[in-house]
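Data block below; observations after.
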Amino acid sequence: MFYKKKDEELKSGVLFQLGWDSRVRQTEIGVIVKDGVVTLTGTVGSYAEKIAAKEAAHRVRGVLDVANDIEVHVPGDALGNDADIAQAVRHALDWDVLVPADQIHSTVTHGWVTLEGNVENYRHRLDAERAVGHLRGVRGVTNSITVVAPINPEKLKHVIEDVLSVRAEREAVRIKVQVEGGEVSLGGAVNSWDEANAILGAVSHAPGVTAVHDHLVIHPYDLSFEAAQS
């Protein structure tokens, strides 16, 4: 028998994680929990802090989903003009060895960064967003980078299933993989956000992946018996 946490317990857990995480100012963030779904509200001073708050909430076992409604208001002393931010974005892309900077260009409007361009690997797309998301003055990031890669969908599906099998046999049984072109959709149940994040990370490295659609459901119970019966 497995215990399902009540919403009040989940709220306490989220507040603890927000207070524990040095990247987040807990007092600026409101937490609402209903049926295991956490809504974060309030105002923070950077896009990086908004993402850190989401990650903190996901660390609480039993949290199913997080709606991140936090707004980013950059303080005046940290708010550079768009030209300064654009220059910082270019430096961040150029200095990150995992990002093909010459294939990516950006537009900055009122602190909001839009990334565009063509890359050969889905991880390049994710790494570019990560590189600029922590910059001073950035209020948000829209990632419009396109992944262009030759792909055999059937081969890609087998590669991903093999990746999941290497991680753990029970994960491969529980996770459903669909491939259309280079776009991968993952469905099924996982025990925690950490497990889901690890699976998404592993799949995103597969050659030929152009997009990953996350339809995984976080279930706070042990699913091994259910998987064995399916």
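FYI, nothing fancy with the structure tokens labels: chains A, B, ... in order, residues from 1 per chain, ligands from 1 as they appear.
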
Proximity of region 83-141 of chain A to region 148-158 of chain A: per-residue shortest pair, 8 Å limit, only C-alpha atoms, as JSON lines:
```
{"residue": "A:Asn118", "atom": "CA", "partner": "A:Val148", "partner_atom": "CA", "distance": 6.3}
{"residue": "A:Val119", "atom": "CA", "partner": "A:Val148", "partner_atom": "CA", "distance": 6.0}
{"residue": "A:Glu120", "atom": "CA", "partner": "A:Val148", "partner_atom": "CA", "distance": 5.2}
{"residue": "A:Asn121", "atom": "CA", "partner": "A:Ala149", "partner_atom": "CA", "distance": 7.2}
```

When you look at Ser204 (chain A) with a cut-off of 8 Å (counting only C-alpha atoms), what residues show up, excluding the ones that are within fewer than 4 positions of it in the same chain? I need them as a PyMOL selection string.
chain A and resi 122-123+200+209+211-212

Could those selected residues go to a file with N, CA and C atoms, as a CSV table (one decimal), in the first residue's frame?
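out_11.csv, written as the output of this step:
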```csv
chain,number,residue,atom,x,y,z
A,122,TYR,N,19.2,18.2,-31.6
A,122,TYR,CA,18.3,18.8,-30.7
A,122,TYR,C,18.9,19.3,-29.4
A,123,ARG,N,20.0,18.7,-28.9
A,123,ARG,CA,20.7,19.2,-27.8
A,123,ARG,C,21.3,20.6,-28.0
A,200,LEU,N,13.9,12.3,-20.5
A,200,LEU,CA,13.9,13.3,-21.6
A,200,LEU,C,15.3,13.7,-22.0
A,209,VAL,N,17.0,13.4,-33.6
A,209,VAL,CA,15.8,13.9,-32.9
A,209,VAL,C,15.7,15.4,-33.2
A,211,ALA,N,12.7,17.2,-32.2
A,211,ALA,CA,11.8,17.8,-31.1
A,211,ALA,C,11.4,16.6,-30.2
A,212,VAL,N,11.2,17.0,-29.0
A,212,VAL,CA,10.7,16.0,-28.0
A,212,VAL,C,9.4,16.5,-27.3
```

Near Asn81 (chain A), counting only C-alpha atoms, which residues have an atom at most 8 Å away, once you skip same-chain residues fewer than 4 positions from it, shown as a PDB file with C-alpha atoms, in the first residue's frame?
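Saved the output as result24.pdb:
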```pdb
ATOM      1  CA  ILE A  85      21.504  42.111 -23.612  1.00  0.00           C
ATOM      2  CA  HIS A 110      12.256  44.590 -23.881  1.00  0.00           C
ATOM      3  CA  GLY A 111      14.511  41.979 -22.333  1.00  0.00           C
TER       4      GLY A 111
END
```

Within 7 Å of region 30-36 of chain A, counting only C-alpha atoms, which residues qualify if same-chain residues fewer than 2 places away don't, as a list in words?
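So, after excluding close chain neighbours, the residues are Asp7, Lys11, Glu28, Val38, Thr39, Leu40, Thr41, Gly42, Gly62, Val63 and Leu64 of chain A.
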
Would you export the selected residues with C-alpha atoms as a PDB file, in the first residue's frame, please?
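Output (selection-v2.pdb):
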```
ATOM      1  CA  ASP A   7      -2.166  18.909  -0.951  1.00  0.00           C
ATOM      2  CA  LYS A  11       2.582  22.690  -0.290  1.00  0.00           C
ATOM      3  CA  GLU A  28       8.486  36.479  -3.346  1.00  0.00           C
ATOM      4  CA  VAL A  38       1.333  23.111  -8.030  1.00  0.00           C
ATOM      5  CA  THR A  39       0.799  26.682  -9.216  1.00  0.00           C
ATOM      6  CA  LEU A  40       3.606  29.143  -8.551  1.00  0.00           C
ATOM      7  CA  THR A  41       2.758  32.846  -8.456  1.00  0.00           C
ATOM      8  CA  GLY A  42       4.494  36.083  -7.567  1.00  0.00           C
ATOM      9  CA  GLY A  62       4.134  13.492  -5.146  1.00  0.00           C
ATOM     10  CA  VAL A  63       3.959  16.692  -7.204  1.00  0.00           C
ATOM     11  CA  LEU A  64       2.357  15.786 -10.520  1.00  0.00           C
TER      12      LEU A  64
END
```

For Ala131 (chain A), list every protein, DNA or RNA residue within 10 Å, evaluated using only C-alpha atoms, and leave out those in the same chain fewer than 3 positions away; present the list as a ChimeraX atom specification.
/A:89-96,98-99,126-128,134-135

Residues from last step as file, N, CA and C atoms, as a tab-separated table (two decimals), in the first residue's frame:
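Printed below is out00.tsv as written:
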```tsv
chain	number	residue	atom	x	y	z
A	89	VAL	N	24.09	38.02	-25.03
A	89	VAL	CA	23.61	36.76	-25.62
A	89	VAL	C	24.62	36.22	-26.62
A	90	ARG	N	25.15	37.13	-27.46
A	90	ARG	CA	26.14	36.68	-28.45
A	90	ARG	C	27.39	36.14	-27.78
A	91	HIS	N	27.85	36.79	-26.74
A	91	HIS	CA	29.03	36.30	-26.01
A	91	HIS	C	28.76	34.94	-25.38
A	92	ALA	N	27.56	34.78	-24.79
A	92	ALA	CA	27.22	33.51	-24.14
A	92	ALA	C	27.19	32.37	-25.14
A	93	LEU	N	26.62	32.62	-26.31
A	93	LEU	CA	26.57	31.58	-27.35
A	93	LEU	C	27.97	31.27	-27.88
A	94	ASP	N	28.77	32.31	-28.07
A	94	ASP	CA	30.11	32.12	-28.61
A	94	ASP	C	31.01	31.34	-27.65
A	95	TRP	N	30.84	31.59	-26.35
A	95	TRP	CA	31.73	30.98	-25.36
A	95	TRP	C	31.29	29.59	-24.93
A	96	ASP	N	30.09	29.18	-25.27
A	96	ASP	CA	29.62	27.84	-24.89
A	96	ASP	C	30.05	26.83	-25.94
A	98	LEU	N	29.28	23.84	-26.35
A	98	LEU	CA	28.24	22.90	-26.76
A	98	LEU	C	27.24	23.52	-27.74
A	99	VAL	N	27.44	24.80	-28.06
A	99	VAL	CA	26.49	25.51	-28.90
A	99	VAL	C	27.14	25.94	-30.21
A	126	LEU	N	18.54	22.98	-27.03
A	126	LEU	CA	18.37	23.09	-25.59
A	126	LEU	C	19.53	23.83	-24.94
A	127	ASP	N	20.75	23.52	-25.38
A	127	ASP	CA	21.94	24.14	-24.79
A	127	ASP	C	22.00	25.64	-25.08
A	128	ALA	N	21.50	26.05	-26.25
A	128	ALA	CA	21.49	27.47	-26.57
A	128	ALA	C	20.55	28.22	-25.63
A	134	HIS	N	20.32	32.48	-18.16
A	134	HIS	CA	20.82	32.99	-16.88
A	134	HIS	C	21.46	34.37	-16.99
A	135	LEU	N	21.34	35.01	-18.11
A	135	LEU	CA	21.99	36.30	-18.29
A	135	LEU	C	21.23	37.42	-17.58
```

Name the residues of region 176-208 of chain A that come out as alpha helix (DSSP H) in a backbone DSSP run; write them as number ranges by chain.
A: 193-204

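Taking the backbone of this structure through DSSP, the residues of region 40-114 of chain A that come out as strand (DSSP E or B) are A:Leu40, A:Thr41, A:Gly42, A:Thr43, A:Val44, A:Asp65, A:Val66, A:Ala67, A:Asn68, A:Glu71, A:Val72, A:Ile104, A:His105, A:Ser106, A:Thr107, A:Val108, A:Thr109, A:Trp112, A:Val113, A:Thr114.
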
Pick from A:Ser22, A:Ser12, A:Asn197, A:Ser106: nearest to Glu129 (chain A), with only C-alpha atoms counted?
A:Ser106

Within 8 Å of Thr142 (chain A), counting only C-alpha atoms, which residues qualify if same-chain residues fewer than 5 places away don't, as a PyMOL selection string?
chain A and resi 112-115

Written file, previous selection with N, CA and C atoms, as a PDB file, in the first residue's frame:
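again17.pdb written:
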```
ATOM      1  N   TRP A 112      13.227  40.372 -23.630  1.00  0.00           N
ATOM      2  CA  TRP A 112      12.790  39.024 -24.025  1.00  0.00           C
ATOM      3  C   TRP A 112      13.612  38.577 -25.237  1.00  0.00           C
ATOM      4  N   VAL A 113      14.268  37.410 -25.102  1.00  0.00           N
ATOM      5  CA  VAL A 113      15.185  36.922 -26.127  1.00  0.00           C
ATOM      6  C   VAL A 113      14.493  35.881 -26.999  1.00  0.00           C
ATOM      7  N   THR A 114      14.554  36.063 -28.304  1.00  0.00           N
ATOM      8  CA  THR A 114      14.067  35.065 -29.255  1.00  0.00           C
ATOM      9  C   THR A 114      15.265  34.493 -30.000  1.00  0.00           C
ATOM     10  N   LEU A 115      15.410  33.179 -29.941  1.00  0.00           N
ATOM     11  CA  LEU A 115      16.500  32.485 -30.619  1.00  0.00           C
ATOM     12  C   LEU A 115      15.978  31.838 -31.897  1.00  0.00           C
TER      13      LEU A 115
END
```

Quick one: pull the distance between CA of Val37 (chain A) and CA of Asp65 (chain A), Å, one decimal.
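According to the coordinates, CA of Val37 (chain A) and CA of Asp65 (chain A) are separated by 4.9 Å.
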
Near-Ala56 (chain A) list (8 Å; only C-alpha atoms; drop same-chain fewer than 3 positions) as a compact mmCIF listing (two decimals) with N, CA and C atoms, in the first residue's frame:
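Listing of part-v5.txt after writing:
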```
# COMPACT_ATOMS: atom_id res chain seq x y z
N VAL A 14 6.95 21.95 -1.01
CA VAL A 14 7.38 22.93 -2.01
C VAL A 14 7.96 24.16 -1.33
N GLN A 17 11.43 23.38 -0.17
CA GLN A 17 12.39 23.35 -1.26
C GLN A 17 12.72 24.76 -1.76
N LEU A 18 11.72 25.63 -1.81
CA LEU A 18 11.97 27.01 -2.23
C LEU A 18 12.86 27.73 -1.22
N ASP A 21 16.56 26.27 -1.57
CA ASP A 21 17.27 26.59 -2.81
C ASP A 21 17.79 28.02 -2.75
N ALA A 52 14.42 28.26 -11.68
CA ALA A 52 14.89 27.58 -10.46
C ALA A 52 13.72 27.25 -9.54
N ALA A 53 12.74 28.14 -9.45
CA ALA A 53 11.56 27.89 -8.63
C ALA A 53 10.77 26.69 -9.15
N ARG A 59 11.00 18.94 -7.36
CA ARG A 59 11.78 18.02 -6.53
C ARG A 59 10.95 17.36 -5.43
N VAL A 60 9.77 17.86 -5.17
CA VAL A 60 8.94 17.30 -4.11
C VAL A 60 8.22 16.06 -4.64
```

Rounded to one decimal in Å, what is the spacing between CA of Arg174 (chain A) and CA of Lys6 (chain A)?
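Computed distance, CA of Arg174 (chain A) to CA of Lys6 (chain A), equals 25.8 Å.
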
Considering only C-alpha atoms, can you say which of A:Leu186, A:Ile70, A:Ile199, A:Ile51 comes closest to Ser165 (chain A)?
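Going through A:Leu186, A:Ile70, A:Ile199, A:Ile51 one by one, the smallest distance to Ser165 (chain A) is for A:Ile199.
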